[in-house]
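S.K.: What follows is model-v2.txt, made up of compact mmCIF, C-alpha atoms:
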```txt
# COMPACT_ATOMS: atom_id res chain seq x y z
CA PHE A 183 28.46 -134.10 42.12
CA LEU A 184 29.53 -132.05 45.15
CA ARG A 185 26.55 -129.74 44.75
CA ARG A 186 24.05 -132.54 44.05
CA ALA A 187 25.24 -134.49 47.09
CA GLN A 188 25.40 -131.26 49.14
CA LEU A 189 28.94 -132.00 50.27
CA VAL A 190 30.84 -129.31 52.10
CA GLY A 191 34.44 -128.70 53.10
CA PRO A 192 36.91 -127.37 53.93
CA ALA A 193 38.50 -129.59 51.31
CA PHE A 194 41.87 -131.25 50.98
CA VAL A 195 42.22 -130.93 47.22
CA GLN A 196 45.31 -132.25 45.52
CA ASP A 197 47.39 -129.34 44.26
CA GLY A 198 46.53 -129.63 40.56
CA TRP A 199 42.81 -129.41 41.27
CA ALA A 200 42.65 -126.56 43.76
CA CYS A 201 42.13 -123.86 41.13
CA PRO A 202 39.29 -125.65 39.28
CA PHE A 203 37.71 -126.56 42.63
CA LEU A 204 37.78 -122.95 43.78
CA ALA A 205 36.52 -121.72 40.39
CA LEU A 206 33.40 -123.82 40.94
CA HIS A 207 32.90 -123.45 44.68
CA TYR A 208 34.47 -120.19 45.92
CA PRO A 209 33.49 -118.25 48.05
CA THR A 210 31.42 -120.87 49.88
CA GLU A 211 34.25 -123.42 49.95
CA ARG A 212 37.90 -123.28 50.90
CA VAL A 213 40.84 -125.56 50.15
CA PHE A 214 43.55 -126.74 52.51
CA PHE A 215 46.33 -125.92 50.06
CA HIS A 216 46.46 -123.82 46.89
CA PRO A 217 49.27 -124.26 44.36
CA ALA A 218 50.30 -120.61 44.69
CA PHE A 219 53.43 -121.93 46.34
CA ALA A 220 54.84 -118.46 47.05
CA ALA A 221 51.92 -117.86 49.42
CA TYR A 222 53.17 -120.53 51.81
CA PRO A 223 56.41 -120.98 53.67
CA PRO A 224 58.39 -123.84 52.09
CA THR A 225 58.18 -125.67 55.40
CA PHE A 226 54.36 -125.72 55.22
CA TYR A 227 54.44 -127.30 51.76
CA ARG A 228 57.06 -129.88 52.75
CA ASP A 229 56.22 -130.60 56.39
CA VAL A 230 52.43 -130.24 56.37
CA TYR A 231 50.90 -130.53 52.89
CA GLN A 232 53.32 -133.03 51.34
CA ARG A 233 53.53 -135.21 54.46
CA THR A 234 49.74 -135.29 54.67
CA ARG A 235 49.35 -136.09 50.96
CA ASP A 236 51.93 -138.86 51.37
CA GLY A 237 49.93 -140.33 54.28
CA GLU A 238 52.84 -140.03 56.68
CA PRO A 239 52.31 -140.25 60.45
CA GLY A 240 50.18 -137.37 61.66
CA TRP A 241 48.05 -137.11 58.50
CA ALA A 242 44.78 -137.62 60.41
CA HIS A 243 45.74 -135.07 63.06
CA THR A 244 46.50 -132.51 60.34
CA LEU A 245 43.13 -133.03 58.65
CA ASP A 246 41.42 -132.77 62.04
CA ARG A 247 43.38 -129.65 62.98
CA TYR A 248 42.32 -127.82 59.83
CA GLY A 249 38.72 -129.09 59.91
CA VAL A 250 38.99 -130.88 56.56
CA GLN A 251 35.66 -132.52 55.70
CA LEU A 252 36.33 -133.86 52.21
CA ALA A 253 39.32 -134.96 50.18
CA LEU A 254 39.50 -134.81 46.40
CA MET A 255 42.53 -136.69 45.13
CA LYS A 256 44.02 -137.70 41.81
CA PHE A 257 45.10 -141.31 41.47
CA THR A 258 48.64 -142.16 42.50
CA SER A 259 51.01 -141.56 39.59
CA PRO A 260 53.80 -144.04 38.78
CA HIS A 261 56.38 -141.41 39.81
CA GLU A 262 54.62 -140.82 43.12
CA ARG A 263 54.32 -144.57 43.75
CA ALA A 264 58.09 -145.00 43.14
CA ARG A 265 58.94 -142.03 45.38
CA GLN A 266 56.80 -143.47 48.18
CA GLN A 267 58.41 -146.91 47.75
CA GLY A 268 55.14 -148.77 48.19
CA ARG A 269 54.14 -147.05 51.43
CA PRO A 270 50.43 -146.23 51.76
CA ASN A 271 49.66 -142.63 50.83
CA LEU A 272 46.68 -140.49 51.79
CA ARG A 273 44.40 -142.30 49.34
CA GLN A 274 45.06 -145.69 50.92
CA ARG A 275 44.90 -144.21 54.43
CA LEU A 276 41.48 -142.65 53.74
CA ALA A 277 40.20 -145.85 52.06
CA ALA A 278 41.18 -147.85 55.17
CA ALA A 279 40.11 -145.30 57.80
CA PRO A 280 36.78 -146.07 59.50
CA THR A 281 36.23 -142.32 59.92
CA TRP A 282 36.25 -141.61 56.15
CA ALA A 283 34.06 -142.85 53.29
CA LEU A 284 34.77 -143.05 49.59
CA VAL A 285 31.66 -141.54 47.97
CA ALA A 286 32.64 -141.07 44.32
CA PHE A 287 35.33 -141.73 41.75
CA ASP A 288 35.90 -141.63 38.02
CA ASP A 289 38.91 -142.26 35.81
CA ASN A 290 40.62 -139.14 37.13
CA GLY A 291 40.32 -139.32 40.88
CA LEU A 292 38.51 -140.05 44.12
CA LEU A 293 36.30 -138.19 46.55
CA PHE A 294 36.26 -139.03 50.27
CA VAL A 295 34.17 -137.45 53.04
CA ARG A 296 34.21 -137.76 56.80
CA ARG A 297 31.61 -140.16 58.15
CA ASP A 298 30.69 -137.68 60.87
CA GLY A 299 30.09 -133.94 60.78
CA PRO A 300 28.32 -132.02 58.02
CA ASN A 301 28.69 -134.81 55.41
CA ALA A 302 27.52 -137.67 57.65
CA ALA A 303 24.19 -138.21 55.87
CA ALA A 304 25.91 -138.28 52.48
CA ALA A 305 28.56 -140.69 53.80
CA ARG A 306 25.84 -143.07 55.01
CA ALA A 307 23.92 -142.88 51.74
CA LEU A 308 26.81 -142.85 49.26
CA ALA A 309 29.67 -144.82 50.86
CA ILE A 310 31.46 -147.26 48.56
CA ASP A 311 32.90 -149.51 51.24
CA GLY A 312 35.39 -152.33 50.86
CA VAL A 313 37.33 -151.06 47.87
CA ASP A 314 40.61 -149.23 47.34
CA VAL A 315 39.99 -147.67 43.93
CA ASP A 316 43.49 -146.22 43.73
CA ALA A 317 45.11 -149.64 44.17
CA LEU A 318 42.30 -151.47 42.29
CA ALA A 319 41.89 -153.69 45.36
CA LEU A 320 38.77 -155.25 46.83
CA GLY A 321 38.00 -155.99 50.46
CA ALA A 322 37.25 -159.46 51.78
CA ASP A 323 33.44 -159.35 51.51
CA ALA A 324 33.02 -159.67 47.74
CA ALA A 325 29.22 -159.61 47.77
CA ARG A 326 29.13 -156.41 49.81
CA VAL A 327 31.77 -154.77 47.60
CA ARG A 328 29.88 -155.77 44.47
CA ALA A 329 26.64 -154.33 45.87
CA ALA A 330 28.40 -151.06 46.71
CA LEU A 331 29.94 -150.84 43.22
CA ASP A 332 26.59 -151.64 41.57
CA ALA A 333 24.88 -148.92 43.62
CA PHE A 334 27.62 -146.49 42.61
CA ALA A 335 27.25 -147.47 38.94
CA ALA A 336 23.55 -146.62 39.15
CA ARG A 337 24.51 -143.03 39.98
CA GLY A 338 25.79 -142.58 36.43
CA LEU A 339 29.46 -141.69 36.91
CA PRO A 340 30.91 -144.28 34.53
CA SER A 341 34.60 -145.07 34.39
CA GLN A 342 36.95 -147.78 33.24
CA ARG A 343 38.05 -148.26 36.84
CA LEU A 344 34.46 -148.88 37.85
CA ALA A 345 34.03 -151.44 35.07
CA HIS A 346 37.27 -153.17 36.08
CA LEU A 347 36.37 -153.26 39.78
CA ARG A 348 32.88 -154.58 39.06
CA THR A 349 34.36 -157.36 36.93
CA LEU A 350 36.81 -158.26 39.73
CA ALA A 351 34.02 -158.25 42.33
CA GLU A 352 31.74 -160.36 40.13
CA GLY A 353 34.49 -162.91 39.60
CA ARG A 354 35.18 -163.09 43.31
CA VAL A 355 31.46 -163.48 44.13
CA ARG A 356 31.20 -166.34 41.60
CA SER A 357 34.35 -167.94 43.01
CA THR A 358 33.06 -167.64 46.59
CA SER A 359 29.62 -169.08 45.73
CA ALA A 360 31.26 -171.97 43.84
CA ASP A 361 33.21 -172.95 46.98
```
Please rewrite the model in this file as structure tokens.
M.R.:
Amino acid sequence: FLRRAQLVGPAFVQDGWACPFLALHYPTERVFFHPAFAAYPPTFYRDVYQRTRDGEPGWAHTLDRYGVQLALMKFTSPHERARQQGRPNLRQRLAAAPTWALVAFDDNGLLFVRRDGPNAAAARALAIDGVDVDALALGADAARVRAALDAFAARGLPSQRLAHLRTLAEGRVRSTSAD
């Protein structure tokens, strides 16, 4: 998908996916963090990578500072959700940020790109606005969300999450039109 959509980084890739990402895209692409933990000072992992992944204050500045253009994230695990005590993490921050666009997802994770910069055309063409796929939550404009999900479904990246979100959006559109 990254190649077809001509998306470029540098990429913030969640630690478990950095190696596969680099296996496919190195040397043209780089990742923000690689799980070769010994290569980084412990303070970088804790104070920069982990705080950014957790969506703590300063996350946007960190992505800006390192020129990150796309973010490939796994879904929030139950353990991670408990550790964060319900606070929004990077996935929710990116989904809500007007400067980022969700452009793809499947049952394993999500792909966000900046709305400006080298991925701007892809963000305009592929954005799936009004949905937080990680939280399985829809925005207020049900018809717009449904249209975005239907357009995404036409791209052929099927998933159970997509089916679930489309069903939720359809129900909300019916409910809204019945009012």
S.K.: What is the distance, in Å and to one decimal place, between CA of Val355 (chain A) and CA of Ala286 (chain A)?
M.R.: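 Going from CA of Val355 (chain A) over to CA of Ala286 (chain A), I get 22.4 Å.
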S.K.: Using Å and a single decimal, report how far CA of Phe257 (chain A) sits from CA of Glu211 (chain A).
M.R.: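 CA of Glu211 (chain A) sits 22.6 Å away from CA of Phe257 (chain A).
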S.K.: Can you tell me which residues surround Leu339 (chain A) at a distance of at most 10 Å, considering only C-alpha atoms, apart from same-chain residues fewer than 2 positions away, and format the answer as a list in words?
M.R.: Phe183, Ala286, Phe287, Asp288, Asp289, Phe334, Ala335, Ala336, Arg337, Ser341 and Leu344 of chain A
S.K.: Hey, which of A:Val213, A:Ala264, A:Ala187, A:Val313 ends up closest to Ala329 (chain A)? Count all atoms listed in the file.
M.R.: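 Going through A:Val213, A:Ala264, A:Ala187, A:Val313 one by one, the smallest distance to Ala329 (chain A) is for A:Val313.
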S.K.: Please list as an NGL selection string every residue within 8 Å of region 291-303 of chain A, counting all atoms listed in the file and excluding residues in the same chain fewer than 6 positions away.
M.R.: :A and (188-190 or 251-257 or 276 or 280-285 or 315-316)
S.K.: Rounded to one decimal, what separation in Å do you get between CA of Arg348 (chain A) and CA of Ala279 (chain A)?
M.R.: 22.1 Å
S.K.: Counting only C-alpha atoms, which residue out of A:Ala330, A:Arg233, A:Pro224, A:Val195 sits closest to Arg306 (chain A)?
M.R.: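 Nearest candidate to Arg306 (chain A) out of A:Ala330, A:Arg233, A:Pro224, A:Val195: A:Ala330.
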S.K.: Using all atoms listed in the file for the distances, tell me which of A:Arg185, A:Arg275, A:His346, A:Arg356 is nearest to Gly237 (chain A).
M.R.: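 Smallest separation from Gly237 (chain A) among the options: A:Arg275.
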S.K.: Go through A:Gly338, A:Thr258, A:Pro209, A:Gln274 and flag the residue nearest Trp241 (chain A), using all atoms listed in the file for the distances.
M.R.: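 Residue with the minimum atom-to-atom distance to Trp241 (chain A): A:Gln274.
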S.K.: With all atoms listed in the file as the atoms that count, which of A:Ile310, A:Leu204, A:Ala220, A:Leu347 lies nearest to Pro192 (chain A)?
M.R.: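 Looking only at the distances to Pro192 (chain A), the closest residue turns out to be A:Leu204.
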S.K.: Nearest to Pro239 (chain A): which of A:Arg269, A:Glu262, A:Ala221, A:Pro202 is it, counting only C-alpha atoms?
M.R.: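 Closest residue, counting only C-alpha atoms: A:Arg269.
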S.K.: Using all atoms listed in the file and a cutoff of 12 Å, can you tell me which residues are near (47.9, -137.2, 61.0) in the file's coordinates, and write them out as a list of chain:residue names?
M.R.: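 Checked against the point, the hits come out as A:Asp229, A:Val230, A:Tyr231, A:Gln232, A:Arg233, A:Thr234, A:Arg235, A:Asp236, A:Gly237, A:Glu238, A:Pro239, A:Gly240, A:Trp241, A:Ala242, A:His243, A:Thr244, A:Leu245, A:Asp246, A:Arg247, A:Tyr248, A:Val250, A:Asn271, A:Leu272, A:Arg275, A:Leu276, A:Ala279.
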